[in-house]
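Novice: My structure is in structure.cif, and what it holds is mmCIF, N, CA and C atoms and all ligand atoms:
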```cif
data_run
#
loop_
_atom_site.label_atom_id
_atom_site.label_comp_id
_atom_site.auth_asym_id
_atom_site.auth_seq_id
_atom_site.Cartn_x
_atom_site.Cartn_y
_atom_site.Cartn_z
N MET A 1 -123.45 244.04 3.19
CA MET A 1 -122.55 244.96 3.91
C MET A 1 -121.97 246.03 3.00
N ALA A 2 -121.85 245.73 1.70
CA ALA A 2 -121.23 246.71 0.80
C ALA A 2 -122.18 247.83 0.43
N GLU A 3 -123.47 247.66 0.79
CA GLU A 3 -124.45 248.69 0.38
C GLU A 3 -124.12 250.05 0.99
N ASP A 4 -123.65 250.04 2.24
CA ASP A 4 -123.31 251.32 2.87
C ASP A 4 -122.14 251.99 2.15
N LEU A 5 -121.18 251.18 1.69
CA LEU A 5 -120.05 251.76 0.96
C LEU A 5 -120.51 252.32 -0.38
N HIS A 6 -121.45 251.62 -1.03
CA HIS A 6 -121.99 252.15 -2.29
C HIS A 6 -122.66 253.50 -2.06
N LYS A 7 -123.44 253.59 -0.99
CA LYS A 7 -124.15 254.85 -0.68
C LYS A 7 -123.13 255.98 -0.42
N MET A 8 -122.10 255.65 0.33
CA MET A 8 -121.07 256.65 0.63
C MET A 8 -120.35 257.09 -0.64
N ALA A 9 -120.04 256.14 -1.52
CA ALA A 9 -119.34 256.46 -2.76
C ALA A 9 -120.22 257.34 -3.67
N LEU A 10 -121.51 257.01 -3.67
CA LEU A 10 -122.46 257.78 -4.49
C LEU A 10 -122.53 259.23 -3.99
N GLU A 11 -122.61 259.38 -2.68
CA GLU A 11 -122.67 260.72 -2.10
C GLU A 11 -121.36 261.48 -2.35
N ALA A 12 -120.24 260.76 -2.26
CA ALA A 12 -118.94 261.39 -2.49
C ALA A 12 -118.82 261.86 -3.94
N ALA A 13 -119.31 261.05 -4.87
CA ALA A 13 -119.22 261.41 -6.30
C ALA A 13 -119.95 262.73 -6.58
N ALA A 14 -120.99 262.99 -5.79
CA ALA A 14 -121.74 264.24 -5.97
C ALA A 14 -120.88 265.46 -5.62
N HIS A 15 -119.80 265.24 -4.88
CA HIS A 15 -118.89 266.33 -4.51
C HIS A 15 -117.71 266.46 -5.48
N ALA A 16 -117.63 265.58 -6.46
CA ALA A 16 -116.47 265.57 -7.36
C ALA A 16 -116.27 266.94 -8.03
N HIS A 17 -115.00 267.28 -8.21
CA HIS A 17 -114.66 268.47 -8.99
C HIS A 17 -114.08 267.94 -10.30
N ALA A 18 -114.95 267.76 -11.28
CA ALA A 18 -114.54 267.11 -12.53
C ALA A 18 -115.02 267.90 -13.75
N PRO A 19 -114.67 269.20 -13.80
CA PRO A 19 -115.17 270.02 -14.92
C PRO A 19 -114.50 269.69 -16.24
N TYR A 20 -113.36 269.03 -16.22
CA TYR A 20 -112.60 268.79 -17.46
C TYR A 20 -112.97 267.46 -18.09
N SER A 21 -113.12 266.44 -17.28
CA SER A 21 -113.50 265.13 -17.83
C SER A 21 -115.01 264.93 -17.82
N ASP A 22 -115.71 265.67 -16.98
CA ASP A 22 -117.14 265.44 -16.76
C ASP A 22 -117.38 263.97 -16.37
N PHE A 23 -116.44 263.45 -15.57
CA PHE A 23 -116.51 262.04 -15.13
C PHE A 23 -116.36 262.00 -13.62
N PRO A 24 -117.46 262.31 -12.90
CA PRO A 24 -117.37 262.32 -11.43
C PRO A 24 -117.23 260.89 -10.88
N VAL A 25 -116.32 260.74 -9.94
CA VAL A 25 -116.06 259.43 -9.34
C VAL A 25 -116.16 259.54 -7.83
N GLY A 26 -116.68 258.50 -7.22
CA GLY A 26 -116.71 258.42 -5.76
C GLY A 26 -116.11 257.10 -5.31
N ALA A 27 -115.49 257.11 -4.16
CA ALA A 27 -114.92 255.88 -3.59
C ALA A 27 -115.18 255.88 -2.10
N ALA A 28 -115.35 254.69 -1.54
CA ALA A 28 -115.53 254.57 -0.09
C ALA A 28 -114.79 253.33 0.39
N ILE A 29 -114.08 253.52 1.48
CA ILE A 29 -113.20 252.50 2.07
C ILE A 29 -113.78 252.03 3.39
N ARG A 30 -113.63 250.72 3.67
CA ARG A 30 -113.85 250.26 5.04
C ARG A 30 -112.53 249.66 5.53
N THR A 31 -112.09 250.08 6.71
CA THR A 31 -110.87 249.52 7.28
C THR A 31 -111.19 248.19 7.95
N THR A 32 -110.15 247.43 8.24
CA THR A 32 -110.35 246.13 8.88
C THR A 32 -110.98 246.28 10.27
N ASP A 33 -110.82 247.47 10.90
CA ASP A 33 -111.46 247.68 12.21
C ASP A 33 -112.77 248.46 12.09
N GLY A 34 -113.31 248.53 10.87
CA GLY A 34 -114.68 248.99 10.70
C GLY A 34 -114.90 250.46 10.45
N ARG A 35 -113.84 251.24 10.34
CA ARG A 35 -114.03 252.67 10.04
C ARG A 35 -114.28 252.86 8.54
N THR A 36 -115.01 253.90 8.19
CA THR A 36 -115.29 254.14 6.77
C THR A 36 -114.90 255.56 6.38
N TYR A 37 -114.44 255.69 5.15
CA TYR A 37 -114.00 256.98 4.62
C TYR A 37 -114.38 257.05 3.15
N ALA A 38 -114.77 258.25 2.70
CA ALA A 38 -115.15 258.43 1.30
C ALA A 38 -114.29 259.51 0.67
N GLY A 39 -114.28 259.53 -0.65
CA GLY A 39 -113.54 260.58 -1.37
C GLY A 39 -114.05 260.71 -2.79
N CYS A 40 -113.71 261.84 -3.40
CA CYS A 40 -114.10 262.09 -4.79
C CYS A 40 -112.87 262.50 -5.58
N ASN A 41 -113.00 262.52 -6.90
CA ASN A 41 -111.89 263.01 -7.72
C ASN A 41 -111.89 264.54 -7.72
N VAL A 42 -110.69 265.09 -7.79
CA VAL A 42 -110.50 266.55 -7.75
C VAL A 42 -109.58 266.92 -8.90
N GLU A 43 -110.17 267.47 -9.96
CA GLU A 43 -109.38 267.80 -11.15
C GLU A 43 -108.81 269.21 -11.06
N ASN A 44 -107.90 269.48 -11.99
CA ASN A 44 -107.21 270.78 -12.01
C ASN A 44 -107.05 271.22 -13.46
N VAL A 45 -107.06 272.53 -13.66
CA VAL A 45 -106.88 273.07 -15.00
C VAL A 45 -105.54 272.64 -15.59
N SER A 46 -104.55 272.41 -14.73
CA SER A 46 -103.30 271.77 -15.15
C SER A 46 -103.53 270.28 -14.99
N TYR A 47 -104.02 269.65 -16.04
CA TYR A 47 -104.65 268.33 -15.95
C TYR A 47 -103.92 267.27 -15.11
N PRO A 48 -102.59 267.13 -15.25
CA PRO A 48 -101.94 266.05 -14.48
C PRO A 48 -101.98 266.27 -12.97
N GLU A 49 -102.35 267.48 -12.53
CA GLU A 49 -102.36 267.77 -11.10
C GLU A 49 -103.63 267.30 -10.40
N GLY A 50 -104.60 266.83 -11.16
CA GLY A 50 -105.81 266.30 -10.54
C GLY A 50 -105.54 264.96 -9.89
N TRP A 51 -106.48 264.52 -9.03
CA TRP A 51 -106.30 263.20 -8.42
C TRP A 51 -107.64 262.46 -8.33
N CYS A 52 -107.51 261.18 -8.03
CA CYS A 52 -108.65 260.26 -8.10
C CYS A 52 -109.43 260.17 -6.79
N ALA A 53 -110.64 259.66 -6.92
CA ALA A 53 -111.52 259.49 -5.76
C ALA A 53 -110.89 258.56 -4.71
N GLU A 54 -110.27 257.47 -5.16
CA GLU A 54 -109.67 256.53 -4.22
C GLU A 54 -108.58 257.21 -3.41
N THR A 55 -107.83 258.08 -4.09
CA THR A 55 -106.74 258.80 -3.44
C THR A 55 -107.28 259.71 -2.34
N SER A 56 -108.40 260.39 -2.61
CA SER A 56 -109.02 261.25 -1.59
C SER A 56 -109.47 260.43 -0.39
N ALA A 57 -110.09 259.28 -0.66
CA ALA A 57 -110.57 258.43 0.44
C ALA A 57 -109.40 257.93 1.28
N ILE A 58 -108.32 257.53 0.61
CA ILE A 58 -107.14 257.06 1.34
C ILE A 58 -106.57 258.19 2.20
N ALA A 59 -106.55 259.40 1.67
CA ALA A 59 -106.03 260.53 2.44
C ALA A 59 -106.85 260.75 3.71
N HIS A 60 -108.18 260.63 3.61
CA HIS A 60 -109.01 260.77 4.81
C HIS A 60 -108.67 259.70 5.84
N MET A 61 -108.48 258.47 5.35
CA MET A 61 -108.14 257.38 6.27
C MET A 61 -106.81 257.65 6.97
N VAL A 62 -105.84 258.07 6.20
CA VAL A 62 -104.50 258.31 6.76
C VAL A 62 -104.55 259.45 7.77
N MET A 63 -105.31 260.50 7.45
CA MET A 63 -105.42 261.63 8.38
C MET A 63 -106.13 261.26 9.67
N ASP A 64 -106.91 260.18 9.62
CA ASP A 64 -107.64 259.74 10.81
C ASP A 64 -106.90 258.61 11.53
N GLY A 65 -105.64 258.45 11.22
CA GLY A 65 -104.85 257.46 11.95
C GLY A 65 -104.38 256.29 11.12
N GLY A 66 -104.82 256.22 9.86
CA GLY A 66 -104.36 255.15 8.98
C GLY A 66 -105.13 253.86 9.21
N GLY A 67 -104.60 252.77 8.73
CA GLY A 67 -105.26 251.48 8.89
C GLY A 67 -105.04 250.59 7.70
N LYS A 68 -105.71 249.44 7.74
CA LYS A 68 -105.67 248.50 6.63
C LYS A 68 -107.04 248.49 5.95
N ILE A 69 -107.02 248.43 4.63
CA ILE A 69 -108.29 248.47 3.89
C ILE A 69 -108.84 247.05 3.71
N ALA A 70 -110.06 246.84 4.22
CA ALA A 70 -110.72 245.54 4.05
C ALA A 70 -111.50 245.49 2.75
N GLU A 71 -112.19 246.59 2.44
CA GLU A 71 -112.97 246.65 1.20
C GLU A 71 -113.13 248.09 0.75
N VAL A 72 -113.36 248.23 -0.54
CA VAL A 72 -113.51 249.56 -1.13
C VAL A 72 -114.55 249.49 -2.25
N ALA A 73 -115.39 250.51 -2.31
CA ALA A 73 -116.36 250.62 -3.40
C ALA A 73 -115.96 251.79 -4.28
N VAL A 74 -116.06 251.60 -5.59
CA VAL A 74 -115.71 252.65 -6.55
C VAL A 74 -116.85 252.78 -7.56
N LEU A 75 -117.21 254.03 -7.84
CA LEU A 75 -118.21 254.21 -8.89
C LEU A 75 -117.99 255.50 -9.67
N GLY A 76 -118.29 255.41 -10.94
CA GLY A 76 -118.31 256.60 -11.80
C GLY A 76 -119.77 256.95 -11.99
N LEU A 77 -120.11 258.16 -11.62
CA LEU A 77 -121.53 258.57 -11.64
C LEU A 77 -122.15 258.36 -13.01
N LYS A 78 -121.36 258.52 -14.08
CA LYS A 78 -121.91 258.43 -15.44
C LYS A 78 -121.43 257.19 -16.17
N ALA A 79 -120.91 256.20 -15.43
CA ALA A 79 -120.36 255.01 -16.08
C ALA A 79 -121.12 253.77 -15.64
N ASN A 80 -121.15 252.78 -16.49
CA ASN A 80 -121.77 251.51 -16.12
C ASN A 80 -120.91 250.76 -15.12
N LEU A 81 -119.61 250.95 -15.24
CA LEU A 81 -118.67 250.26 -14.36
C LEU A 81 -117.41 251.11 -14.29
N CYS A 82 -116.86 251.25 -13.11
CA CYS A 82 -115.63 252.03 -12.97
C CYS A 82 -114.63 251.22 -12.17
N THR A 83 -113.56 250.82 -12.81
CA THR A 83 -112.51 250.09 -12.11
C THR A 83 -111.41 251.08 -11.70
N PRO A 84 -110.74 250.84 -10.60
CA PRO A 84 -109.66 251.75 -10.18
C PRO A 84 -108.55 251.83 -11.24
N CYS A 85 -108.03 253.02 -11.44
CA CYS A 85 -106.93 253.18 -12.40
C CYS A 85 -105.67 252.48 -11.86
N GLY A 86 -104.68 252.36 -12.69
CA GLY A 86 -103.46 251.65 -12.30
C GLY A 86 -102.80 252.24 -11.08
N GLY A 87 -102.69 253.58 -11.06
CA GLY A 87 -102.05 254.24 -9.91
C GLY A 87 -102.82 253.99 -8.63
N CYS A 88 -104.14 254.03 -8.71
CA CYS A 88 -104.95 253.81 -7.50
C CYS A 88 -104.88 252.36 -7.05
N ARG A 89 -104.71 251.43 -7.97
CA ARG A 89 -104.52 250.03 -7.56
C ARG A 89 -103.28 249.91 -6.67
N GLN A 90 -102.22 250.59 -7.08
CA GLN A 90 -101.00 250.54 -6.28
C GLN A 90 -101.21 251.28 -4.95
N ARG A 91 -101.93 252.39 -4.96
CA ARG A 91 -102.19 253.13 -3.71
C ARG A 91 -103.04 252.30 -2.76
N LEU A 92 -104.04 251.61 -3.31
CA LEU A 92 -104.87 250.73 -2.47
C LEU A 92 -104.03 249.59 -1.91
N ALA A 93 -103.11 249.08 -2.74
CA ALA A 93 -102.25 247.96 -2.30
C ALA A 93 -101.36 248.36 -1.13
N GLU A 94 -101.05 249.66 -1.04
CA GLU A 94 -100.23 250.14 0.06
C GLU A 94 -100.90 249.86 1.41
N PHE A 95 -102.25 249.90 1.41
CA PHE A 95 -103.00 249.76 2.66
C PHE A 95 -103.91 248.53 2.68
N GLY A 96 -103.84 247.73 1.62
CA GLY A 96 -104.69 246.55 1.54
C GLY A 96 -103.86 245.30 1.37
N THR A 97 -104.53 244.22 1.00
CA THR A 97 -103.87 242.95 0.72
C THR A 97 -104.45 242.42 -0.59
N ALA A 98 -103.92 241.30 -1.06
CA ALA A 98 -104.47 240.68 -2.27
C ALA A 98 -105.93 240.29 -2.07
N GLU A 99 -106.35 240.12 -0.79
CA GLU A 99 -107.73 239.71 -0.49
C GLU A 99 -108.69 240.89 -0.34
N THR A 100 -108.16 242.10 -0.31
CA THR A 100 -109.04 243.27 -0.17
C THR A 100 -110.11 243.25 -1.25
N LYS A 101 -111.37 243.41 -0.82
CA LYS A 101 -112.48 243.36 -1.79
C LYS A 101 -112.63 244.72 -2.46
N VAL A 102 -112.79 244.68 -3.78
CA VAL A 102 -113.03 245.91 -4.54
C VAL A 102 -114.41 245.78 -5.19
N HIS A 103 -115.35 246.59 -4.72
CA HIS A 103 -116.71 246.55 -5.23
C HIS A 103 -116.83 247.55 -6.39
N LEU A 104 -117.02 247.01 -7.56
CA LEU A 104 -117.16 247.85 -8.76
C LEU A 104 -118.64 248.19 -8.89
N CYS A 105 -118.94 249.47 -8.85
CA CYS A 105 -120.34 249.90 -8.77
C CYS A 105 -120.70 250.85 -9.89
N ASN A 106 -121.99 251.03 -10.08
CA ASN A 106 -122.47 252.18 -10.84
C ASN A 106 -123.45 252.93 -9.94
N ALA A 107 -124.11 253.95 -10.48
CA ALA A 107 -124.96 254.77 -9.62
C ALA A 107 -126.07 253.95 -8.98
N GLU A 108 -126.53 252.91 -9.66
CA GLU A 108 -127.65 252.10 -9.15
C GLU A 108 -127.24 251.14 -8.04
N GLY A 109 -126.02 250.64 -8.11
CA GLY A 109 -125.61 249.68 -7.08
C GLY A 109 -124.35 248.93 -7.46
N LEU A 110 -124.13 247.85 -6.71
CA LEU A 110 -122.93 247.05 -6.89
C LEU A 110 -123.09 246.16 -8.13
N VAL A 111 -122.08 246.18 -9.00
CA VAL A 111 -122.14 245.39 -10.24
C VAL A 111 -121.32 244.10 -10.08
N GLU A 112 -120.14 244.24 -9.52
CA GLU A 112 -119.25 243.09 -9.43
C GLU A 112 -118.26 243.32 -8.29
N THR A 113 -117.90 242.25 -7.61
CA THR A 113 -116.87 242.35 -6.57
C THR A 113 -115.67 241.52 -6.99
N VAL A 114 -114.51 242.14 -7.01
CA VAL A 114 -113.26 241.45 -7.33
C VAL A 114 -112.31 241.69 -6.15
N THR A 115 -111.11 241.15 -6.25
CA THR A 115 -110.13 241.42 -5.19
C THR A 115 -109.02 242.30 -5.76
N LEU A 116 -108.29 242.91 -4.83
CA LEU A 116 -107.15 243.73 -5.25
C LEU A 116 -106.10 242.86 -5.94
N GLY A 117 -106.00 241.61 -5.48
CA GLY A 117 -105.08 240.67 -6.13
C GLY A 117 -105.47 240.40 -7.58
N ASP A 118 -106.78 240.36 -7.85
CA ASP A 118 -107.24 240.20 -9.24
C ASP A 118 -106.80 241.40 -10.08
N LEU A 119 -106.94 242.59 -9.49
CA LEU A 119 -106.70 243.82 -10.25
C LEU A 119 -105.22 244.15 -10.38
N LEU A 120 -104.44 243.75 -9.38
CA LEU A 120 -103.02 244.11 -9.40
C LEU A 120 -102.17 242.93 -8.93
N PRO A 121 -102.07 241.90 -9.77
CA PRO A 121 -101.21 240.78 -9.39
C PRO A 121 -99.75 241.23 -9.38
N ASN A 122 -98.96 240.64 -8.52
CA ASN A 122 -97.54 240.96 -8.44
C ASN A 122 -97.28 242.45 -8.22
N SER A 123 -98.06 243.06 -7.31
CA SER A 123 -97.88 244.49 -7.06
C SER A 123 -96.47 244.76 -6.55
N PHE A 124 -96.00 245.95 -6.83
CA PHE A 124 -94.65 246.31 -6.42
C PHE A 124 -94.54 246.32 -4.90
N ASP A 125 -93.47 245.74 -4.41
CA ASP A 125 -93.20 245.70 -2.98
C ASP A 125 -91.68 245.62 -2.84
N MET A 126 -91.11 246.43 -1.97
CA MET A 126 -89.64 246.42 -1.85
C MET A 126 -89.14 245.18 -1.16
N GLY A 127 -90.04 244.48 -0.47
CA GLY A 127 -89.68 243.20 0.13
C GLY A 127 -88.61 243.30 1.20
N GLU A 128 -88.00 242.17 1.48
CA GLU A 128 -86.96 242.11 2.52
C GLU A 128 -85.63 242.59 1.95
N ALA A 129 -84.84 243.21 2.78
CA ALA A 129 -83.48 243.58 2.35
C ALA A 129 -82.66 242.30 2.15
N PRO A 130 -81.77 242.28 1.14
CA PRO A 130 -81.00 241.06 0.90
C PRO A 130 -80.03 240.77 2.05
N1 LIG A 201 -110.72 258.65 -11.82
C1 LIG A 201 -110.87 258.33 -10.49
O1 LIG A 201 -111.25 259.17 -9.67
N2 LIG A 201 -110.59 257.07 -10.12
C2 LIG A 201 -110.17 256.08 -10.96
O2 LIG A 201 -109.78 255.02 -10.51
C3 LIG A 201 -110.23 256.30 -12.41
C4 LIG A 201 -110.24 257.73 -12.82
C5 LIG A 201 -110.98 260.04 -12.24
C6 LIG A 201 -109.75 260.80 -12.63
C7 LIG A 201 -110.33 261.88 -13.51
O3 LIG A 201 -110.73 262.96 -12.69
C8 LIG A 201 -111.55 261.23 -14.12
O4 LIG A 201 -111.80 260.06 -13.36
C9 LIG A 201 -111.38 260.84 -15.58
O5 LIG A 201 -110.26 260.10 -15.78
#
```
Could you rewrite the structure in this file as structure tokens?
Ligand code: THU
Specialist:
Amino acid sequence: MAEDLHKMALEAAAHAHAPYSDFPVGAAIRTTDGRTYAGCNVENVSYPEGWCAETSAIAHMVMDGGGKIAEVAVLGLKANLCTPCGGCRQRLAEFGTAETKVHLCNAEGLVETVTLGDLLPNSFDMGEAP
């Protein structure tokens, strides 16, 4: 089932705007109700203003009504393995759970599947009011 997400992430990475890092990234999300969204990283000459592929994919999901993330594939076109950065782990946690599957891919295919809980244990949550 993750093969379609890998394909989407690969196609998204081809759209990356990454002239500064030369590190194109693609991400693809599947919601718990089966919708899929992809995104790429978009860099900026003012370096901190760029954003990640996962962030683009999440934005597409939110613009289409939002949802919960069941699984996500991430790949760096020129990397053997690309794990989500710290900020994207927290962004994914906003719409996922500790059980959300994170497929770590390279251009050829899926390398390893972990969970969001593995990547971001004890994620920040404001919890219940006292
Ligand atoms: N990048 C992502 O798109 N996702 C990640 O989770 C890790 C990093 C991008 C940001 C930047 O454009 C490039 O990879 C190099 O850091």
Novice: If you run DSSP on the backbone, which residues of chain A are alpha helix (DSSP H), as a PyMOL selection string?
Specialist: chain A and resi 2-13+53-63+86-95+116-119
Novice: Give the answer as one residue: which of A:His15, A:Arg89, A:His60, A:Arg35 has the shortest atom-to-atom distance to ligand LIG 201 (chain A), using all atoms listed in the file?
Specialist: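 Comparing A:His15, A:Arg89, A:His60, A:Arg35 against ligand LIG 201 (chain A), the winner is A:Arg89.
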Novice: Would you mind listing the residues within 5 Å of ligand LIG 201 (chain A), counting all atoms listed in the file, as a list in words?
Specialist: Phe23, Val25, Asn41, Cys52, Ala53, Glu54, Thr83, Pro84 and Cys85 of chain A
Novice: Please check which residues have atoms at most 7 Å from (-112.2, 251.1, 3.8) in the file's coordinates, counting all atoms listed in the file, and write them as a PyMOL selection string.
Specialist: chain A and resi 28-32+35-37+68-73
Novice: Using all atoms listed in the file, which residues sit within 6.5 Å of Gly76 of chain A once same-chain residues fewer than 6 positions away are excluded, as a short mmCIF file (atom, residue, chain, number, x, y, z; two decimals) with N, CA and C atoms, in the frame of the given file?
Specialist:
```
data_model
loop_
_atom_site.label_atom_id
_atom_site.label_comp_id
_atom_site.auth_asym_id
_atom_site.auth_seq_id
_atom_site.Cartn_x
_atom_site.Cartn_y
_atom_site.Cartn_z
N PHE A 23 -116.44 263.45 -15.57
CA PHE A 23 -116.51 262.04 -15.13
C PHE A 23 -116.36 262.00 -13.62
N PRO A 24 -117.46 262.31 -12.90
CA PRO A 24 -117.37 262.32 -11.43
C PRO A 24 -117.23 260.89 -10.88
N VAL A 25 -116.32 260.74 -9.94
CA VAL A 25 -116.06 259.43 -9.34
C VAL A 25 -116.16 259.54 -7.83
N GLY A 26 -116.68 258.50 -7.22
CA GLY A 26 -116.71 258.42 -5.76
C GLY A 26 -116.11 257.10 -5.31
N CYS A 82 -116.86 251.25 -13.11
CA CYS A 82 -115.63 252.03 -12.97
C CYS A 82 -114.63 251.22 -12.17
N CYS A 105 -118.94 249.47 -8.85
CA CYS A 105 -120.34 249.90 -8.77
C CYS A 105 -120.70 250.85 -9.89
N ASN A 106 -121.99 251.03 -10.08
CA ASN A 106 -122.47 252.18 -10.84
C ASN A 106 -123.45 252.93 -9.94
N ALA A 107 -124.11 253.95 -10.48
CA ALA A 107 -124.96 254.77 -9.62
C ALA A 107 -126.07 253.95 -8.98
#
```
Novice: What does the distance between atom CA of Val45 of chain A and atom CA of Val62 of chain A come to in Å, to one decimal place?
Specialist: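 Atom CA of Val62 of chain A lies at a distance of 26.4 Å from atom CA of Val45 of chain A.
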Novice: Would you please work out which residue, of A:Asp22, A:Asp4, A:Glu112, A:Glu99, is nearest to Lys78 of chain A when using all atoms listed in the file?
Specialist: A:Asp22
Novice: Restricting the calculation to all atoms listed in the file, which member of A:Ala59, A:Tyr20, A:Pro121, A:Gly50 is positioned closest to Ala38 of chain A?
Specialist: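 Nearest to Ala38 of chain A: A:Ala59.
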Novice: What is the distance, in Å and to one decimal place, between atom CA of Gly86 of chain A and atom CA of Ser21 of chain A?
Specialist: 17.7 Å
Novice: Name the residues in contact with Leu10 of chain A at a cut-off of 6.5 Å, using all atoms listed in the file, excluding same-chain residues fewer than 3 positions from it; report them as number ranges by chain.
Specialist: A: 5-7, 13-14, 26-27, 107
Novice: Mind dumping the selected residues with N, CA and C atoms as a compact mmCIF listing (two decimals), keeping the file's coordinate frame?
Specialist:
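Okay, this is what ended up in again-v3.txt:
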```txt
# COMPACT_ATOMS: atom_id res chain seq x y z
N LEU A 5 -121.18 251.18 1.69
CA LEU A 5 -120.05 251.76 0.96
C LEU A 5 -120.51 252.32 -0.38
N HIS A 6 -121.45 251.62 -1.03
CA HIS A 6 -121.99 252.15 -2.29
C HIS A 6 -122.66 253.50 -2.06
N LYS A 7 -123.44 253.59 -0.99
CA LYS A 7 -124.15 254.85 -0.68
C LYS A 7 -123.13 255.98 -0.42
N ALA A 13 -119.31 261.05 -4.87
CA ALA A 13 -119.22 261.41 -6.30
C ALA A 13 -119.95 262.73 -6.58
N ALA A 14 -120.99 262.99 -5.79
CA ALA A 14 -121.74 264.24 -5.97
C ALA A 14 -120.88 265.46 -5.62
N GLY A 26 -116.68 258.50 -7.22
CA GLY A 26 -116.71 258.42 -5.76
C GLY A 26 -116.11 257.10 -5.31
N ALA A 27 -115.49 257.11 -4.16
CA ALA A 27 -114.92 255.88 -3.59
C ALA A 27 -115.18 255.88 -2.10
N ALA A 107 -124.11 253.95 -10.48
CA ALA A 107 -124.96 254.77 -9.62
C ALA A 107 -126.07 253.95 -8.98
```
Novice: Using DSSP on the backbone coordinates, identify the residues of segment 57-94 of chain A assigned to strand (DSSP E or B); present them as a PyMOL selection string.
Specialist: chain A and resi 69-76
Novice: Please indicate the distance in Å from atom CA of Gly67 of chain A to atom CA of Thr55 of chain A, rounded to one decimal place.
Specialist: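 Going from atom CA of Gly67 of chain A over to atom CA of Thr55 of chain A, I get 14.4 Å.
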Novice: Check the smallest atom-to-atom distance from each of A:Met61, A:Thr113, A:Asp33, A:Ala18 to Val74 of chain A using only C-alpha atoms, then report the winner.
Specialist: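 Going through A:Met61, A:Thr113, A:Asp33, A:Ala18 one by one, the smallest distance to Val74 of chain A is for A:Thr113.
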Novice: For Ile58 of chain A, which residue out of A:Gly127, A:Ala98, A:Asn44, A:Arg91 is the nearest one, using all atoms listed in the file?
Specialist: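 So, comparing all the options, the nearest one is A:Arg91.
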Novice: Would you mind telling me which residue in A:Gly87, A:Ala57, A:Leu110, A:Leu81 lies nearest to Ala2 of chain A when using only N, CA and C atoms?
Specialist: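 Once distances to Ala2 of chain A are computed over only N, CA and C atoms, the minimum belongs to A:Leu110.
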Novice: Got a sec: who's within 8 Å of Thr115 of chain A, counting all atoms listed in the file, leaving out chain neighbours fewer than 3 positions off, as a list in words?
Specialist: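 The residues that qualify are Thr97, Ala98, Glu99, Thr100, Lys101, Val102, His103, Glu112, Asp118, Leu119 and Leu120 of chain A.
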